[in-house]
file run_37.txt (compact mmCIF, C-alpha atoms)
# COMPACT_ATOMS: atom_id res chain seq x y z
CA MET D 1 -112.67 264.53 13.91
CA ALA D 2 -115.83 263.14 12.34
CA LYS D 3 -119.23 263.45 14.04
CA GLU D 4 -119.79 259.88 15.20
CA TYR D 5 -123.35 260.49 16.39
CA SER D 6 -124.53 261.22 12.86
CA HIS D 7 -123.41 257.88 11.38
CA THR D 8 -125.99 255.47 9.98
CA TYR D 9 -125.44 251.71 9.91
CA ASP D 10 -125.10 250.14 6.43
CA ILE D 11 -124.73 253.61 4.91
CA ASP D 12 -121.70 255.16 6.61
CA TYR D 13 -120.27 251.96 8.11
CA ASN D 14 -120.68 248.19 8.19
CA LYS D 15 -118.20 246.30 10.39
CA THR D 16 -116.72 248.20 13.32
CA PHE D 17 -115.21 245.50 15.53
CA ALA D 18 -111.47 246.08 15.92
CA LEU D 19 -109.12 243.32 17.05
CA VAL D 20 -106.99 243.95 20.11
CA ALA D 21 -104.55 241.58 21.77
CA LYS D 22 -106.00 239.45 24.56
CA MET D 23 -104.35 240.04 27.90
CA SER D 24 -103.89 236.28 28.18
CA THR D 25 -101.85 236.45 24.98
CA ILE D 26 -99.69 239.28 26.32
CA ARG D 27 -99.02 237.36 29.53
CA THR D 28 -98.19 234.21 27.54
CA LEU D 29 -95.69 236.15 25.45
CA ILE D 30 -94.10 237.56 28.61
CA SER D 31 -93.75 234.03 30.00
CA LEU D 32 -91.98 233.02 26.77
CA VAL D 33 -89.75 236.09 26.97
CA VAL D 34 -88.68 235.30 30.53
CA ASN D 35 -88.02 231.62 29.82
CA LYS D 36 -86.06 232.41 26.66
CA ASP D 37 -84.23 235.51 28.00
CA TRP D 38 -85.58 237.76 25.25
CA LYS D 39 -86.01 241.53 25.35
CA LEU D 40 -89.35 243.34 25.15
CA HIS D 41 -89.54 246.42 22.93
CA GLN D 42 -92.42 248.88 22.66
CA LEU D 43 -93.55 251.17 19.86
CA ASP D 44 -96.30 253.77 19.76
CA VAL D 45 -98.02 254.68 16.49
CA LYS D 46 -98.85 258.38 16.23
CA ASN D 47 -102.30 259.24 14.85
CA ALA D 48 -102.87 255.54 14.15
CA PHE D 49 -106.45 255.86 12.90
CA LEU D 50 -105.41 258.34 10.19
CA HIS D 51 -103.49 255.53 8.46
CA GLY D 52 -106.59 253.37 7.89
CA GLU D 53 -108.03 253.06 4.39
CA LEU D 54 -111.81 253.08 4.10
CA MET D 55 -113.65 250.29 2.35
CA GLU D 56 -116.96 252.18 2.37
CA GLU D 57 -117.80 255.30 0.40
CA VAL D 58 -118.11 258.04 3.03
CA TYR D 59 -118.86 261.74 2.56
CA MET D 60 -118.66 264.53 5.13
CA ASP D 61 -119.50 268.20 5.29
CA VAL D 62 -116.77 270.72 4.69
CA PRO D 63 -115.05 271.36 8.06
CA PRO D 64 -116.14 274.60 9.82
CA GLY D 65 -113.87 277.53 9.04
CA PHE D 66 -112.69 275.97 5.80
CA GLY D 67 -115.71 276.86 3.72
CA THR D 68 -115.56 279.39 0.88
CA ILE D 69 -118.00 280.49 -1.76
CA GLN D 70 -116.78 277.66 -4.01
CA THR D 71 -117.50 275.00 -1.34
CA VAL D 72 -121.05 276.01 -0.47
CA GLY D 73 -123.39 273.04 -0.92
CA LYS D 74 -120.50 270.63 -1.49
CA VAL D 75 -119.19 267.71 0.53
CA CYS D 76 -115.83 265.94 0.93
CA LYS D 77 -115.25 262.32 -0.05
CA LEU D 78 -113.05 260.55 2.47
CA ARG D 79 -110.25 258.34 1.21
CA LYS D 80 -108.77 257.54 4.60
CA SER D 81 -110.27 257.16 8.05
CA LEU D 82 -110.60 259.92 10.62
CA TYR D 83 -110.90 259.90 14.39
CA GLY D 84 -114.59 259.66 15.17
CA LEU D 85 -115.52 257.27 12.36
CA LYS D 86 -116.95 254.05 13.76
CA GLN D 87 -114.90 251.92 11.38
CA SER D 88 -111.58 253.71 12.03
CA PRO D 89 -110.14 251.12 14.49
CA ARG D 90 -110.91 248.27 12.11
CA ALA D 91 -109.54 250.17 9.10
CA TRP D 92 -106.30 250.89 10.99
CA PHE D 93 -105.78 247.26 11.99
CA ASP D 94 -106.41 246.08 8.43
CA ARG D 95 -103.81 248.56 7.19
CA LEU D 96 -101.29 247.28 9.76
CA ARG D 97 -102.08 243.66 8.91
CA ARG D 98 -101.39 244.19 5.23
CA ALA D 99 -98.13 245.97 6.07
CA MET D 100 -96.98 243.10 8.32
CA VAL D 101 -97.87 240.43 5.77
CA GLY D 102 -96.00 242.44 3.14
CA MET D 103 -92.91 242.29 5.35
CA GLY D 104 -93.07 238.49 5.40
CA TYR D 105 -94.80 238.02 8.77
CA GLN D 106 -97.52 235.46 9.47
CA GLN D 107 -100.70 236.13 11.41
CA THR D 108 -101.60 233.62 14.10
CA ASN D 109 -105.07 232.07 14.08
CA ALA D 110 -105.24 231.70 17.87
CA ASP D 111 -104.92 235.49 18.24
CA HIS D 112 -105.06 237.54 15.05
CA THR D 113 -103.27 240.47 16.70
CA VAL D 114 -100.02 238.49 16.94
CA PHE D 115 -97.62 238.33 13.99
CA PHE D 116 -94.46 236.26 13.83
CA ARG D 117 -91.56 235.50 11.53
CA GLN D 118 -89.11 232.61 11.76
CA HIS D 119 -85.83 232.12 9.95
CA LYS D 120 -83.87 229.05 11.00
CA ASP D 121 -83.46 229.43 14.77
CA HIS D 122 -84.40 233.10 14.83
CA THR D 123 -87.88 234.23 15.86
CA THR D 124 -89.49 237.67 15.90
CA LEU D 125 -92.94 238.33 17.43
CA LEU D 126 -95.18 241.38 17.29
CA ALA D 127 -98.42 241.98 19.21
CA VAL D 128 -100.64 245.04 18.80
CA TYR D 129 -103.26 246.63 21.04
CA VAL D 130 -104.81 249.50 19.02
CA ASP D 131 -101.76 251.79 18.62
CA ASP D 132 -99.45 250.16 21.17
CA ILE D 133 -97.06 247.60 19.70
CA ILE D 134 -94.89 245.06 21.54
CA ILE D 135 -91.96 243.43 19.73
CA THR D 136 -89.82 240.59 21.03
CA GLY D 137 -87.63 237.76 19.77
CA ASN D 138 -84.05 236.50 19.62
CA ASP D 139 -83.10 238.23 16.35
CA GLU D 140 -82.03 241.77 17.26
CA GLY D 141 -81.13 242.50 13.66
CA GLU D 142 -84.61 241.60 12.44
CA ILE D 143 -86.18 243.63 15.26
CA ALA D 144 -84.17 246.70 14.22
CA GLN D 145 -85.17 246.12 10.59
CA LEU D 146 -88.83 245.74 11.59
CA LYS D 147 -88.74 249.02 13.50
CA MET D 148 -87.24 250.77 10.48
CA GLN D 149 -89.83 249.35 8.09
CA LEU D 150 -92.70 250.28 10.41
CA GLY D 151 -91.25 253.79 10.61
CA LYS D 152 -91.42 254.04 6.82
CA GLU D 153 -95.02 252.81 6.70
CA PHE D 154 -96.33 254.80 9.67
CA GLU D 155 -95.22 257.53 12.03
CA VAL D 156 -94.01 255.54 15.04
CA LYS D 157 -92.19 256.40 18.23
CA ASP D 158 -89.69 253.93 19.65
CA LEU D 159 -90.31 253.79 23.41
CA GLY D 160 -87.38 251.45 24.04
CA LEU D 161 -87.74 248.49 26.39
CA LEU D 162 -91.23 247.81 27.70
CA ARG D 163 -91.85 249.70 30.95
CA TYR D 164 -95.51 250.72 30.91
CA PHE D 165 -98.27 249.14 28.85
CA LEU D 166 -102.00 250.00 28.99
CA GLY D 167 -101.78 251.19 32.57
CA ILE D 168 -99.73 248.14 33.58
CA GLU D 169 -96.27 248.70 35.04
CA VAL D 170 -93.63 246.27 33.77
CA ALA D 171 -90.55 245.84 35.98
CA ARG D 172 -87.73 243.50 34.99
CA GLY D 173 -85.08 242.33 37.42
CA ALA D 174 -82.86 239.39 38.28
CA GLU D 175 -85.81 237.23 39.39
CA GLY D 176 -87.94 237.90 36.32
CA VAL D 177 -90.68 240.27 35.12
CA VAL D 178 -93.34 241.73 37.42
CA LEU D 179 -96.64 243.13 36.16
CA SER D 180 -98.46 245.47 38.53
CA GLN D 181 -100.97 248.34 38.49
CA ARG D 182 -99.87 250.25 41.59
CA LYS D 183 -100.47 253.72 40.15
CA TYR D 184 -103.86 252.60 38.84
CA VAL D 185 -104.85 251.36 42.32
CA LEU D 186 -103.65 254.51 44.06
CA ASP D 187 -105.53 256.71 41.58
CA LEU D 188 -108.67 254.64 42.17
CA LEU D 189 -108.32 254.92 45.96
CA LYS D 190 -107.76 258.66 45.68
CA GLU D 191 -110.77 259.10 43.41
CA THR D 192 -113.03 257.24 45.85
CA GLY D 193 -111.59 258.92 48.96
CA MET D 194 -110.27 255.60 50.29
CA LEU D 195 -106.57 256.46 50.58
CA GLY D 196 -106.86 256.78 54.34
CA CYS D 197 -109.14 253.80 54.91
CA ARG D 198 -108.31 250.86 57.17
CA PRO D 199 -107.23 247.86 55.05
CA VAL D 200 -108.72 244.37 55.35
CA ALA D 201 -107.02 241.01 54.87
CA SER D 202 -109.41 239.48 52.27
CA PRO D 203 -111.26 240.98 49.29
CA ILE D 204 -114.70 239.61 50.22
CA ASP D 205 -116.42 238.68 53.48
CA GLN D 206 -116.84 234.90 53.67
CA LYS D 207 -120.11 235.17 55.61
CA ILE D 208 -121.95 237.52 53.25
CA LYS D 209 -124.15 236.12 50.46
CA LEU D 210 -125.20 238.90 48.11
CA THR D 211 -128.68 238.84 46.54
CA GLU D 212 -130.46 241.01 44.00
CA LEU D 213 -132.63 242.88 46.50
CA ALA D 214 -129.94 243.56 49.11
CA GLY D 215 -130.69 246.98 50.58
CA GLU D 216 -131.69 250.32 49.10
CA LYS D 217 -130.81 251.40 45.59
CA VAL D 218 -127.58 253.36 45.01
CA ASP D 219 -126.21 255.54 42.21
CA ARG D 220 -126.01 253.12 39.28
CA GLU D 221 -123.60 255.22 37.22
CA ARG D 222 -121.11 255.48 40.07
CA TYR D 223 -121.41 251.77 40.83
CA GLN D 224 -120.85 250.79 37.20
CA ARG D 225 -117.82 253.06 36.96
CA LEU D 226 -116.22 251.58 40.08
CA VAL D 227 -116.88 247.99 39.05
CA GLY D 228 -115.62 248.70 35.53
CA ARG D 229 -112.34 250.00 36.91
CA LEU D 230 -112.03 246.96 39.18
CA ILE D 231 -112.61 244.65 36.20
CA TYR D 232 -109.62 246.20 34.44
CA LEU D 233 -107.55 245.74 37.58
CA THR D 234 -108.09 241.95 37.44
CA HIS D 235 -105.60 241.81 34.54
CA THR D 236 -102.82 241.65 37.13
CA ARG D 237 -104.76 240.79 40.29
CA PRO D 238 -106.32 237.31 40.11
CA ASP D 239 -106.88 237.48 43.88
CA ILE D 240 -109.82 239.87 43.35
CA SER D 241 -111.31 238.09 40.31
CA PHE D 242 -114.01 236.27 42.30
CA PRO D 243 -115.34 239.25 44.31
CA VAL D 244 -115.26 241.46 41.20
CA SER D 245 -117.18 238.75 39.32
CA VAL D 246 -119.79 238.73 42.09
CA VAL D 247 -120.33 242.50 42.24
CA SER D 248 -120.44 242.74 38.44
CA ARG D 249 -123.61 240.60 38.42
CA TYR D 250 -125.62 243.50 39.87
CA MET D 251 -124.55 246.37 37.61
CA HIS D 252 -128.10 246.68 36.20
CA ASP D 253 -129.65 247.37 39.61
CA PRO D 254 -127.04 247.98 42.34
CA ARG D 255 -128.03 248.07 46.01
CA LYS D 256 -126.37 249.22 49.22
CA ASP D 257 -124.96 245.78 50.10
CA HIS D 258 -123.46 245.52 46.62
CA MET D 259 -121.75 248.91 47.02
CA ASP D 260 -120.47 247.87 50.46
CA ALA D 261 -118.90 244.80 48.82
CA VAL D 262 -117.18 247.09 46.28
CA TYR D 263 -115.75 249.25 49.07
CA HIS D 264 -114.59 246.08 50.83
CA ILE D 265 -112.53 245.24 47.73
CA LEU D 266 -111.05 248.76 47.79
CA ARG D 267 -110.09 248.35 51.45
CA TYR D 268 -108.34 245.09 50.52
CA LEU D 269 -106.44 246.86 47.73
CA LYS D 270 -105.35 249.55 50.19
CA GLY D 271 -103.39 246.89 52.09
CA ALA D 272 -101.18 246.04 49.08
CA PRO D 273 -101.66 248.42 46.13
CA GLY D 274 -98.41 247.29 44.48
CA LYS D 275 -99.12 243.56 44.45
CA GLY D 276 -98.73 242.01 41.01
CA LEU D 277 -97.77 238.93 39.00
CA ILE D 278 -94.20 237.75 38.74
CA PHE D 279 -92.93 235.74 35.75
CA ARG D 280 -89.89 233.60 36.51
CA LYS D 281 -87.66 231.42 34.36
CA HIS D 282 -88.54 227.74 34.85
CA GLY D 283 -86.84 226.25 31.79
CA HIS D 284 -89.93 224.67 30.19
CA PHE D 285 -93.11 225.59 28.32
CA ASN D 286 -95.53 223.06 29.78
CA ILE D 287 -99.20 223.93 30.10
CA GLU D 288 -100.73 223.20 33.49
CA GLY D 289 -104.04 224.25 34.96
CA TYR D 290 -106.38 224.11 37.93
CA CYS D 291 -110.16 224.16 37.73
CA ASP D 292 -112.74 224.33 40.47
CA SER D 293 -116.41 225.00 41.08
CA ASP D 294 -118.57 226.13 43.99
CA TRP D 295 -121.88 224.32 43.65
CA ALA D 296 -125.11 226.38 43.76
CA SER D 297 -123.27 229.36 45.23
CA CYS D 298 -125.51 232.08 43.77
CA ALA D 299 -128.38 232.75 46.17
CA ASP D 300 -130.54 234.30 43.43
CA ASP D 301 -130.74 231.42 40.93
CA ARG D 302 -128.63 228.65 42.51
CA LYS D 303 -126.19 228.54 39.64
CA SER D 304 -122.64 227.45 40.34
CA THR D 305 -119.45 229.45 39.98
CA SER D 306 -116.60 228.10 37.85
CA GLY D 307 -112.99 229.12 38.13
CA TYR D 308 -109.75 228.16 36.43
CA CYS D 309 -106.16 229.34 36.31
CA MET D 310 -103.66 228.29 33.63
CA PHE D 311 -99.87 228.23 33.77
CA VAL D 312 -97.53 228.33 30.77
CA GLY D 313 -93.85 227.77 31.47
CA GLY D 314 -94.57 227.77 35.20
CA ASN D 315 -96.16 231.25 35.12
CA LEU D 316 -99.82 232.19 35.54
CA VAL D 317 -101.09 233.55 32.21
CA SER D 318 -104.87 233.02 32.22
CA TRP D 319 -107.63 232.83 34.81
CA LYS D 320 -111.37 233.33 35.08
CA SER D 321 -114.15 233.37 37.65
CA LYS D 322 -117.62 233.14 36.13
CA LYS D 323 -121.10 231.98 37.02
CA GLN D 324 -122.23 228.97 35.00
CA SER D 325 -125.00 229.44 32.45
CA VAL D 326 -127.22 226.58 33.70
CA VAL D 327 -128.15 225.14 37.08
CA ALA D 328 -126.09 222.07 38.02
CA ARG D 329 -127.95 219.26 39.78
CA SER D 330 -124.90 217.95 41.64
CA THR D 331 -121.44 218.94 42.73
CA ALA D 332 -119.94 216.53 40.20
CA GLU D 333 -121.87 218.15 37.36
CA ALA D 334 -120.75 221.64 38.39
CA GLU D 335 -117.13 220.46 38.62
CA TYR D 336 -117.39 218.69 35.27
CA ARG D 337 -118.60 221.83 33.54
CA ALA D 338 -115.66 223.68 35.10
CA ILE D 339 -113.31 221.04 33.68
CA ALA D 340 -114.79 221.54 30.20
CA ILE D 341 -114.22 225.30 30.38
CA GLY D 342 -110.66 224.76 31.61
CA VAL D 343 -109.87 222.26 28.85
CA ALA D 344 -111.11 224.71 26.20
CA GLU D 345 -108.79 227.41 27.54
CA MET D 346 -105.83 225.01 27.65
CA LEU D 347 -106.43 223.96 24.04
CA TRP D 348 -106.42 227.61 22.99
CA LEU D 349 -103.10 228.18 24.76
CA ARG D 350 -101.69 225.03 23.17
CA ASN D 351 -102.76 226.17 19.68
CA LEU D 352 -101.14 229.57 20.25
CA LEU D 353 -97.82 228.02 21.29
CA VAL D 354 -97.87 225.50 18.42
CA GLU D 355 -98.38 228.32 15.92
CA LEU D 356 -95.47 230.19 17.45
CA LYS D 357 -93.34 227.04 16.95
CA VAL D 358 -92.96 226.42 20.68
CA ASN D 359 -92.55 222.70 21.36
CA GLN D 360 -95.74 221.22 22.84
CA GLU D 361 -95.11 217.47 22.86
CA ASN D 362 -95.80 217.06 26.59
CA GLN D 363 -99.26 216.31 27.91
CA MET D 364 -101.27 219.16 29.34
CA MET D 365 -101.94 218.61 33.05
CA LEU D 366 -105.26 219.69 34.57
CA TRP D 367 -105.85 219.40 38.32
CA CYS D 368 -109.32 218.99 39.86
CA ASP D 369 -110.34 218.36 43.47
CA ASN D 370 -113.49 216.34 42.70
CA LYS D 371 -112.95 212.59 42.24
CA SER D 372 -116.48 212.01 40.89
CA ALA D 373 -115.91 214.43 38.01
CA ILE D 374 -112.58 212.78 37.21
CA SER D 375 -114.25 209.33 37.23
CA ILE D 376 -116.94 210.52 34.80
CA ALA D 377 -114.24 211.83 32.45
CA ASN D 378 -112.30 208.56 32.47
CA ASN D 379 -115.28 206.17 32.45
CA PRO D 380 -116.19 205.08 28.88
CA VAL D 381 -119.64 203.82 29.98
CA GLN D 382 -122.53 206.21 29.33
CA HIS D 383 -124.75 206.66 32.36
CA ASP D 384 -128.20 208.22 32.59
CA ARG D 385 -126.89 210.64 35.18
CA THR D 386 -124.42 212.13 32.68
CA LYS D 387 -126.47 212.34 29.48
CA HIS D 388 -127.43 215.99 30.13
CA ILE D 389 -123.71 216.91 29.95
CA GLU D 390 -123.02 214.58 27.05
CA ILE D 391 -121.32 217.19 24.84
CA ASP D 392 -118.89 218.22 27.58
CA ARG D 393 -118.28 214.55 28.41
CA PHE D 394 -117.30 213.57 24.86
CA PHE D 395 -115.27 216.76 24.42
CA ILE D 396 -113.12 215.94 27.45
CA LYS D 397 -112.97 212.19 26.72
CA GLU D 398 -111.65 212.85 23.21
CA LYS D 399 -108.71 214.86 24.56
CA LEU D 400 -107.95 212.19 27.16
CA ASP D 401 -108.01 209.41 24.56
CA ASN D 402 -105.71 211.38 22.24
CA GLY D 403 -103.16 211.77 25.01
CA ILE D 404 -103.29 215.57 24.82
CA LEU D 405 -104.70 215.96 28.32
CA LYS D 406 -104.09 214.31 31.67
CA LEU D 407 -106.67 214.85 34.41
CA SER D 408 -105.49 214.37 37.99
CA HIS D 409 -106.85 214.87 41.47
CA VAL D 410 -105.55 217.53 43.85
CA SER D 411 -106.61 218.12 47.43
CA THR D 412 -108.76 221.16 48.15
CA GLU D 413 -105.96 222.57 50.28
CA HIS D 414 -103.70 222.77 47.21
CA GLN D 415 -106.42 223.73 44.72
CA VAL D 416 -105.11 227.03 43.34
CA ALA D 417 -108.40 227.87 41.61
CA ASP D 418 -110.27 227.72 44.92
CA CYS D 419 -109.92 231.49 45.40
CA LEU D 420 -111.69 232.03 42.05
CA THR D 421 -114.92 230.35 43.18
CA LYS D 422 -115.46 231.49 46.78
CA GLY D 423 -114.31 233.88 49.46
CA LEU D 424 -111.40 232.58 51.53
CA GLY D 425 -109.82 233.50 54.82
CA PRO D 426 -106.56 235.50 54.93
CA VAL D 427 -104.33 232.47 55.55
CA SER D 428 -105.73 230.35 52.69
CA LEU D 429 -105.82 233.35 50.35
CA THR D 430 -102.19 234.26 51.04
CA ARG D 431 -101.06 230.66 50.45
CA LEU D 432 -102.84 230.46 47.09
CA CYS D 433 -101.65 233.91 46.04
CA ASP D 434 -98.08 232.72 46.58
CA LYS D 435 -98.73 229.71 44.33
CA MET D 436 -100.17 231.96 41.62
CA GLY D 437 -97.04 234.12 41.68
CA LEU D 438 -98.44 237.27 43.28
CA VAL D 439 -95.74 239.44 44.88
CA ASP D 440 -95.47 243.01 46.11
CA ILE D 441 -92.14 244.48 45.04
CA PHE D 442 -93.09 247.84 46.60
CA ARG D 443 -93.52 246.46 50.12
CA PRO D 444 -90.62 247.48 52.40
CA SER D 445 -88.39 244.52 53.19
call {"tool": "encode", "arguments": {"input": "run_37.txt", "output": "structure tokens"}}
result
Amino acid sequence: MAKEYSHTYDIDYNKTFALVAKMSTIRTLISLVVNKDWKLHQLDVKNAFLHGELMEEVYMDVPPGFGTIQTVGKVCKLRKSLYGLKQSPRAWFDRLRRAMVGMGYQQTNADHTVFFRQHKDHTTLLAVYVDDIIITGNDEGEIAQLKMQLGKEFEVKDLGLLRYFLGIEVARGAEGVVLSQRKYVLDLLKETGMLGCRPVASPIDQKIKLTELAGEKVDRERYQRLVGRLIYLTHTRPDISFPVSVVSRYMHDPRKDHMDAVYHILRYLKGAPGKGLIFRKHGHFNIEGYCDSDWASCADDRKSTSGYCMFVGGNLVSWKSKKQSVVARSTAEAEYRAIAIGVAEMLWLRNLLVELKVNQENQMMLWCDNKSAISIANNPVQHDRTKHIEIDRFFIKEKLDNGILKLSHVSTEHQVADCLTKGLGPVSLTRLCDKMGLVDIFRPS
């Protein structure tokens, strides 16, 4: 292993960013797999970084214990990457990319970690996350050939059908595929001493409004570690996305009230550690979405919180809860900015499916519970009250005019994205979780 701390930028390395598959992409592929009745295969690449070829000229000292009289004062010139080099992840992915292209696969532009090959009605897809590879498609012969070719290029281990991926448990049954992180939750509760705590029915108290100076200071390192682990848990738990988004705002200077909010989330997880997303077969690949906003919800700077959740083929594949970057002067403006963010995500999903040759002739449907924002989007007249959101306005209007997008009103009661912008009571939260496809297959029947 190389000594990473001794590397110097522009001498030992240049670019270090390594591409990894977006979790939204993985969930979209799983939705396709369920709707098309495909199988999911998994491969693991052994010593992946050792396969990367260096673009830079890098020298290292002779490894300890290897030196002889002939090697005194000499250095080694590296031809391939080693673990510890900052550019190793990028070098490995570039090596894999060239191997996949050489096998006749195309790289998608929507997500560069996804490769696909089509021959007549047969499709084969591959997605990579560092050294974990997922393969799916309807051509079992091509999949077997791909595994064999990858085995010749690299040292790979065939893990069979996908069961466990990046700490996410994958269970497939008659109803569909369920993604959960039960073991991850139980390990987190055990680590924090919360296994025996009393559970609560909602992840955040509706009455509490957190502020920057809320109580005495707490251990920042412990707080950041807990929040970081909760952030990773949101990959399968959209029901905690909003409270985790709130507590993550104070990672630079955590206080007692912020830590109490984190423990409140853990108590909620204790009630259903095995809850996860279910992907069912719906027989279509339509893109639908919900977007919402909570105006001026942040007590520190009065910025609004946006939230959206996107469905592909009837299954939830993408969601986000995030504070807006500017202060909105009205509810309509806050909602309109949320619409713009939602439309951008839907267009990305559409581009991904089009590249994968999945039919996308139907309009994308976006639901919003604010009639004023919908009126602004459909009104061709420019008003003074909308000129400060002119870019978002024309961006949305263009998609409406082209027939790509349809914007419709939904009542707040049926607004699925509502739980991504504010704390809700147990009844409302449970109803929306059911609509998002959250189930607990580990709960006794």
call {"tool": "atom_distance", "arguments": {"input": "run_37.txt", "atom1": "atom CA of Arg229 of chain D", "atom2": "atom CA of Gly173 of chain D"}}
result
28.3 Å
call {"tool": "residues_around", "arguments": {"input": "run_37.txt", "residues": "Met100 of chain D", "least_positions_apart": "6", "cutoff": "12 Å", "atoms": "all atoms listed in the file", "output": "ChimeraX atom specification"}}
result
/D:93-94,106-107,112-117,124-128,146-147,149-150,153-154
call {"tool": "write_last_selection", "arguments": {"input": "run_37.txt", "atoms": "C-alpha atoms", "output": "mmCIF file, in the frame of the given file"}}
result
data_model
loop_
_atom_site.group_PDB
_atom_site.id
_atom_site.type_symbol
_atom_site.label_atom_id
_atom_site.label_comp_id
_atom_site.auth_asym_id
_atom_site.auth_seq_id
_atom_site.Cartn_x
_atom_site.Cartn_y
_atom_site.Cartn_z
ATOM 1 C CA PHE D 93 -105.780 247.260 11.990
ATOM 2 C CA ASP D 94 -106.410 246.080 8.430
ATOM 3 C CA GLN D 106 -97.520 235.460 9.470
ATOM 4 C CA GLN D 107 -100.700 236.130 11.410
ATOM 5 C CA HIS D 112 -105.060 237.540 15.050
ATOM 6 C CA THR D 113 -103.270 240.470 16.700
ATOM 7 C CA VAL D 114 -100.020 238.490 16.940
ATOM 8 C CA PHE D 115 -97.620 238.330 13.990
ATOM 9 C CA PHE D 116 -94.460 236.260 13.830
ATOM 10 C CA ARG D 117 -91.560 235.500 11.530
ATOM 11 C CA THR D 124 -89.490 237.670 15.900
ATOM 12 C CA LEU D 125 -92.940 238.330 17.430
ATOM 13 C CA LEU D 126 -95.180 241.380 17.290
ATOM 14 C CA ALA D 127 -98.420 241.980 19.210
ATOM 15 C CA VAL D 128 -100.640 245.040 18.800
ATOM 16 C CA LEU D 146 -88.830 245.740 11.590
ATOM 17 C CA LYS D 147 -88.740 249.020 13.500
ATOM 18 C CA GLN D 149 -89.830 249.350 8.090
ATOM 19 C CA LEU D 150 -92.700 250.280 10.410
ATOM 20 C CA GLU D 153 -95.020 252.810 6.700
ATOM 21 C CA PHE D 154 -96.330 254.800 9.670
#
call {"tool": "atom_distance", "arguments": {"input": "run_37.txt", "atom1": "atom CA of Lys217 of chain D", "atom2": "atom CA of Lys256 of chain D"}}
result
6.1 Å
call {"tool": "atom_distance", "arguments": {"input": "run_37.txt", "atom1": "atom CA of Ile240 of chain D", "atom2": "atom CA of Pro203 of chain D"}}
result
6.2 Å
call {"tool": "closest_residue", "arguments": {"input": "run_37.txt", "among": "D:Ala110, D:Leu407, D:Cys433, D:Ala99", "to": "Leu347 of chain D", "atoms": "only C-alpha atoms"}}
result
D:Ala110
call {"tool": "residues_near_point", "arguments": {"input": "run_37.txt", "point": "(-110.7, 219.3, 44.3)", "cutoff": "7 Å", "atoms": "only C-alpha atoms", "output": "list in words"}}
result
Asp292, Cys368, Asp369, Asn370, His409, Val410, Ser411, Thr412 and Gln415 of chain D
call {"tool": "closest_residue", "arguments": {"input": "run_37.txt", "among": "D:Leu269, D:Cys298, D:Leu230, D:Met251", "to": "Ser325 of chain D", "atoms": "all atoms listed in the file"}}
result
D:Cys298
call {"tool": "residues_near_point", "arguments": {"input": "run_37.txt", "point": "(-88.9, 234.1, 33.7)", "cutoff": "10 Å", "atoms": "only C-alpha atoms", "output": "list in words"}}
result
Ile30, Ser31, Leu32, Val33, Val34, Asn35, Lys36, Asp37, Trp38, Arg172, Gly173, Ala174, Glu175, Gly176, Val177, Val178, Ile278, Phe279, Arg280, Lys281, His282, Gly283, Gly313, Gly314 and Asn315 of chain D
call {"tool": "write_last_selection", "arguments": {"input": "run_37.txt", "atoms": "C-alpha atoms", "output": "short mmCIF file (atom, residue, chain, number, x, y, z; two decimals), in the coordinates of the input"}}
result
data_model
loop_
_atom_site.label_atom_id
_atom_site.label_comp_id
_atom_site.auth_asym_id
_atom_site.auth_seq_id
_atom_site.Cartn_x
_atom_site.Cartn_y
_atom_site.Cartn_z
CA ILE D 30 -94.10 237.56 28.61
CA SER D 31 -93.75 234.03 30.00
CA LEU D 32 -91.98 233.02 26.77
CA VAL D 33 -89.75 236.09 26.97
CA VAL D 34 -88.68 235.30 30.53
CA ASN D 35 -88.02 231.62 29.82
CA LYS D 36 -86.06 232.41 26.66
CA ASP D 37 -84.23 235.51 28.00
CA TRP D 38 -85.58 237.76 25.25
CA ARG D 172 -87.73 243.50 34.99
CA GLY D 173 -85.08 242.33 37.42
CA ALA D 174 -82.86 239.39 38.28
CA GLU D 175 -85.81 237.23 39.39
CA GLY D 176 -87.94 237.90 36.32
CA VAL D 177 -90.68 240.27 35.12
CA VAL D 178 -93.34 241.73 37.42
CA ILE D 278 -94.20 237.75 38.74
CA PHE D 279 -92.93 235.74 35.75
CA ARG D 280 -89.89 233.60 36.51
CA LYS D 281 -87.66 231.42 34.36
CA HIS D 282 -88.54 227.74 34.85
CA GLY D 283 -86.84 226.25 31.79
CA GLY D 313 -93.85 227.77 31.47
CA GLY D 314 -94.57 227.77 35.20
CA ASN D 315 -96.16 231.25 35.12
#
call {"tool": "residues_around", "arguments": {"input": "run_37.txt", "residues": "segment 275-277 of chain D", "least_positions_apart": "4", "cutoff": "7 Å", "atoms": "only C-alpha atoms", "output": "MDAnalysis selection string"}}
result
chainID D and resid 178:180 236:237 437:440
call {"tool": "closest_residue", "arguments": {"input": "run_37.txt", "among": "D:Lys209, D:His41, D:Arg97, D:Val156", "to": "Ala144 of chain D", "atoms": "all atoms listed in the file"}}
result
D:His41
call {"tool": "axis_aligned_box", "arguments": {"input": "run_37.txt", "around": "segment 325-340 of chain D", "padding_each_side": "5 Å", "output": "AutoDock Vina command-line options"}}
result
--center_x -120.7 --center_y 223.0 --center_z 36.5 --size_x 24.8 --size_y 22.9 --size_z 22.5
